[in-house]
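Right, one structure below, let's go through it.
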Amino acid sequence: METQIGIVGAGPAGLMLGLLLERHGIDSVILETRDRQYVEQRVRAGVLEQNTVDLMHELEVGDRLEREGLEHHGINLRHLGETHYVPMTELTGRSITVYGQQEVVKDLVAARLKGRASLLFEVSDVALHDIDSGRPRISFVHDGSEHELACDFVAGCDGFHGICRSAISPEVLTELEYTYPFAWLGILAEAAPATEELIYAWHEHGFALYSMRSPQVSRLYLQVAADEDLAAWSEDRIWNELELRLGHVNTGPIFEKGITPMRSFVVSPLQHGRLFLCGDAAHIVPPTGAKGLNLAVNDARLLAAALHDRFESGDEARLEAYSRTALRRVWRAQDFSNYMTQLLHNLGGGAFEHGLQVSRLEYIARSESAARSLAENYVGLPAASDF
Ligand SMILES: Cc1cc2nc3c(=O)[nH]c(=O)nc-3n(C[C@H](O)[C@H](O)[C@H](O)COP(=O)(O)OP(=O)(O)OC[C@H]3O[C@@H](n4cnc5c(N)ncnc54)[C@H](O)[C@@H]3O)c2cc1C
């Protein structure tokens, strides 16, 4: 088998890259270890930046997003029972859209399968070979047979636990990691949200977030200990704690419950030989800034444009700059996600730390410049900007 771009992983990064390449007339094969149903049901992110929404429309995969996505124009910051509204659209002219990652994945898989481009689910034993050479290969097993895919370039879009990152020698790759000493307990519940806009709440028991996935489904999070036992959280305990931290919440049957670790992780460079890393394979942000999915899409956008130049005219300038360019936005998102995390979580630092948090929250409430800075990071700096 051969192709121009071998893509490992059918998450948002791999699928978006595949679709962008297809629009540029560049051939690719996507290999995914899980089955289609699994990737289409995996509950993760849900906040799309304006850039991500615009790109989905540009690629003509935005019809359902247009119908079912919930456009939001601001967020609420809540502290000790008082809520302050940050009017993001008024401050930036841009908005965010709430639309589950699994819905984005469904739309991208459907678009991929409509064309003739390959997307193989349930592959195993994926391994990269000769990424330093002019003709890298990917070996894998599919339908019980061994295969080898020869490529011009390989895109490692296989998430944090994938194999592509480790194909790069540790002598070349720098890994930076920070693990926060707490986690998020997240639920999905059949309950109409009691708020129109998201609520980010500081509480002495810890952070809480009120968000939603649709007019009938609420998505709520609680800050918990890093080693929290999910079994210790009955439905009653979850709802009581949410009510305490967020004020009024609408309750309903909980149909999904999980604990997400909070970590920041960045590797550099994002390229070695003919292998390029995209999305969670190369970086993780804590979910407080809602950036993970959007960064994955941004990497795909940059890499597709660079590969287009390369195949169209032989110009490798953007390909050579890919790592540097993508990392600029990654670090902006790392900083913003860290800022939101420090602003709103109980960090265990006592009264002094709380004094700083109160001052920062008051600054956002009273200074339009402070509010605008938060808003422009939250909605996402324009794709055409230098970040
Ligand atoms: C529990 C959870 C909650 C999250 N919540 C938020 C949120 O609220 N907001 C936000 O912005 N972000 C959130 N994120 C982050 C966001 O979901 C990710 O940033 C996003 O999924 C990144 O997309 P990706 O395509 O890079 O990686 P992934 O979505 O991880 O996709 C990688 C794909 O590669 C496949 N794969 C792995 N190994 C191999 C292999 N060897 N061969 C072939 N395929 C392979 C995987 O099965 C997967 O389908 C959350 C993440 C998690 C885990």
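In the structure tokens, each chain is lettered A, B, ... as it comes, each chain's residues begin at 1, and ligands are numbered from 1 in order of appearance.
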
Give me the residues near A:Leu31 as an NGL selection string, where near means some atom within 12 Å (using only C-alpha atoms) and where sequence neighbours in that chain fewer than 3 positions away do not count.
:A and (5-11 or 14-15 or 18 or 28 or 34-36 or 117-127 or 138-142 or 147-149 or 154-158 or 162)

List the neighbours of A:Val358 out to 12 Å using only C-alpha atoms; skip same-chain residues closer than 3 positions along the sequence, and give me the result as a list in words.
Leu77, Arg78, His79, Leu80, Glu82, Trp202, His203, Gln342, Leu343, Leu344, His345, Asn346, Ala351, Phe352, Glu353, His354, Gly355, Leu361, Glu362, Tyr363, Ile364 and Ala365 of chain A

Using only C-alpha atoms, which residues sit within 8 Å of A:Asn51 once same-chain residues fewer than 3 positions away are excluded, as a ChimeraX atom specification?
/A:48,54-55,380,382-383

Residues near A:Ile168, cut-off 10 Å, only C-alpha atoms, skip fewer than 3 positions along chain, as a PDB file with C-alpha atoms, in the first residue's frame:
```
ATOM      1  CA  LEU A 128       6.608   3.528  12.270  1.00  0.00           C
ATOM      2  CA  ILE A 131      10.936   8.296   9.530  1.00  0.00           C
ATOM      3  CA  ASP A 132      14.384   9.777   8.885  1.00  0.00           C
ATOM      4  CA  ILE A 163       2.982   5.394  19.560  1.00  0.00           C
ATOM      5  CA  CYS A 164       4.138   8.167  17.211  1.00  0.00           C
ATOM      6  CA  ARG A 165       5.740  10.441  19.793  1.00  0.00           C
ATOM      7  CA  GLU A 171      17.791  12.758  22.395  1.00  0.00           C
ATOM      8  CA  VAL A 172      15.873  14.858  19.887  1.00  0.00           C
ATOM      9  CA  LEU A 173      12.626  15.411  21.791  1.00  0.00           C
ATOM     10  CA  PRO A 269       9.980  19.919  18.178  1.00  0.00           C
ATOM     11  CA  LEU A 270       6.742  18.652  16.599  1.00  0.00           C
ATOM     12  CA  GLN A 271       8.682  17.254  13.664  1.00  0.00           C
ATOM     13  CA  HIS A 272      11.413  14.721  13.200  1.00  0.00           C
ATOM     14  CA  GLY A 273      12.433  13.626   9.703  1.00  0.00           C
ATOM     15  CA  LEU A 275       7.053  12.561  10.968  1.00  0.00           C
TER      16      LEU A 275
END
```

Which residues are close to stretch 371-374 of chain A, i.e. within 7 Å by only C-alpha atoms, leaving aside same-chain residues fewer than 4 positions away? Reply as a ChimeraX atom specification.
/A:86,91-92,364-365,367,378

Take the residues just selected and output them with N, CA, C and O atoms as an mmCIF file, in the first residue's frame.
```cif
data_model
loop_
_atom_site.group_PDB
_atom_site.id
_atom_site.type_symbol
_atom_site.label_atom_id
_atom_site.label_comp_id
_atom_site.auth_asym_id
_atom_site.auth_seq_id
_atom_site.Cartn_x
_atom_site.Cartn_y
_atom_site.Cartn_z
ATOM 1 N N VAL A 86 -18.830 38.002 31.727
ATOM 2 C CA VAL A 86 -17.823 38.532 30.798
ATOM 3 C C VAL A 86 -18.425 38.444 29.385
ATOM 4 O O VAL A 86 -18.577 37.335 28.842
ATOM 5 N N LEU A 91 -16.856 42.163 23.599
ATOM 6 C CA LEU A 91 -15.457 42.565 23.776
ATOM 7 C C LEU A 91 -14.573 42.180 22.593
ATOM 8 O O LEU A 91 -13.530 42.809 22.367
ATOM 9 N N THR A 92 -14.943 41.147 21.850
ATOM 10 C CA THR A 92 -14.033 40.634 20.809
ATOM 11 C C THR A 92 -14.680 40.520 19.427
ATOM 12 O O THR A 92 -13.980 40.268 18.443
ATOM 13 N N ILE A 364 -10.879 41.600 36.620
ATOM 14 C CA ILE A 364 -11.626 41.242 35.400
ATOM 15 C C ILE A 364 -12.997 41.920 35.414
ATOM 16 O O ILE A 364 -13.497 42.405 34.397
ATOM 17 N N ALA A 365 -13.614 41.980 36.609
ATOM 18 C CA ALA A 365 -14.960 42.573 36.708
ATOM 19 C C ALA A 365 -14.915 44.080 36.485
ATOM 20 O O ALA A 365 -15.857 44.668 35.959
ATOM 21 N N SER A 367 -12.087 46.010 35.071
ATOM 22 C CA SER A 367 -11.267 46.568 33.988
ATOM 23 C C SER A 367 -11.649 45.933 32.659
ATOM 24 O O SER A 367 -11.574 44.714 32.495
ATOM 25 N N TYR A 378 -10.170 33.206 25.357
ATOM 26 C CA TYR A 378 -11.204 32.175 25.483
ATOM 27 C C TYR A 378 -11.859 31.870 24.123
ATOM 28 O O TYR A 378 -12.021 30.701 23.757
#
```

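Checking A:Ala111, A:Met88, A:Ile284, A:Ala201 one by one against A:Ala370, counting only C-alpha atoms, you find the shortest gap at A:Met88.
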
Contact residues around stretch 41-47 of chain A with only C-alpha atoms at 7 Å, ignoring same-chain residues under 3 positions, as an MDAnalysis selection string
chainID A and resid 37:38 96:102 290 293

12 Å contact set for A:Ala321, only C-alpha atoms, chain neighbours under 4 positions out, as a list in words
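Returned residues: Pro269, Leu270, Gln271, Phe276, Leu302, Leu303, Ala305, Ala306, Leu307, Asp315, Glu316, Ala317, Thr325, Ala326, Leu327 and Arg328 of chain A.
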
Taking only C-alpha atoms into account, which of A:Ile199, A:Leu356, A:Cys278, A:Asp299 comes nearest A:Gly81?
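That would be A:Ile199, the residue with the smallest distance to A:Gly81.
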
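Nearest-residue note for ligand 1: choosing from A:Thr251, A:Ser214, A:Thr33, A:Ser264, the minimum distance belongs to A:Thr33, counting only C-alpha atoms and all ligand atoms.
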
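Comparing A:Arg213, A:His248, A:Arg64, A:Arg366 by their smallest distance to ligand 1, the closest is A:Arg213 (using only C-alpha atoms and all ligand atoms).
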
Those in stretch 79-269 of chain A with helix (DSSP H, G or I) from DSSP, as number ranges by chain:
A: 88-92, 101-114, 165-167, 230-232, 235-246

So, with only C-alpha atoms as the atoms that count, which of A:Pro170, A:Pro253, A:Gly350, A:Pro181 lies closest to A:Ser268?
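For A:Ser268, the nearest of the candidates is A:Pro170.
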
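Atom CA of A:Ala232 to atom 30 (O, counted along the ligand's line) of ligand 1 spans 27.3 Å [interatomic distance, one decimal].
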
Shortest interatomic distance to ligand 1 - which of A:Asp280, A:Glu175, A:Glu243, A:Asp27, counting only C-alpha atoms and all ligand atoms:
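Counting only C-alpha atoms and all ligand atoms, the residue closest to ligand 1 is A:Asp280.
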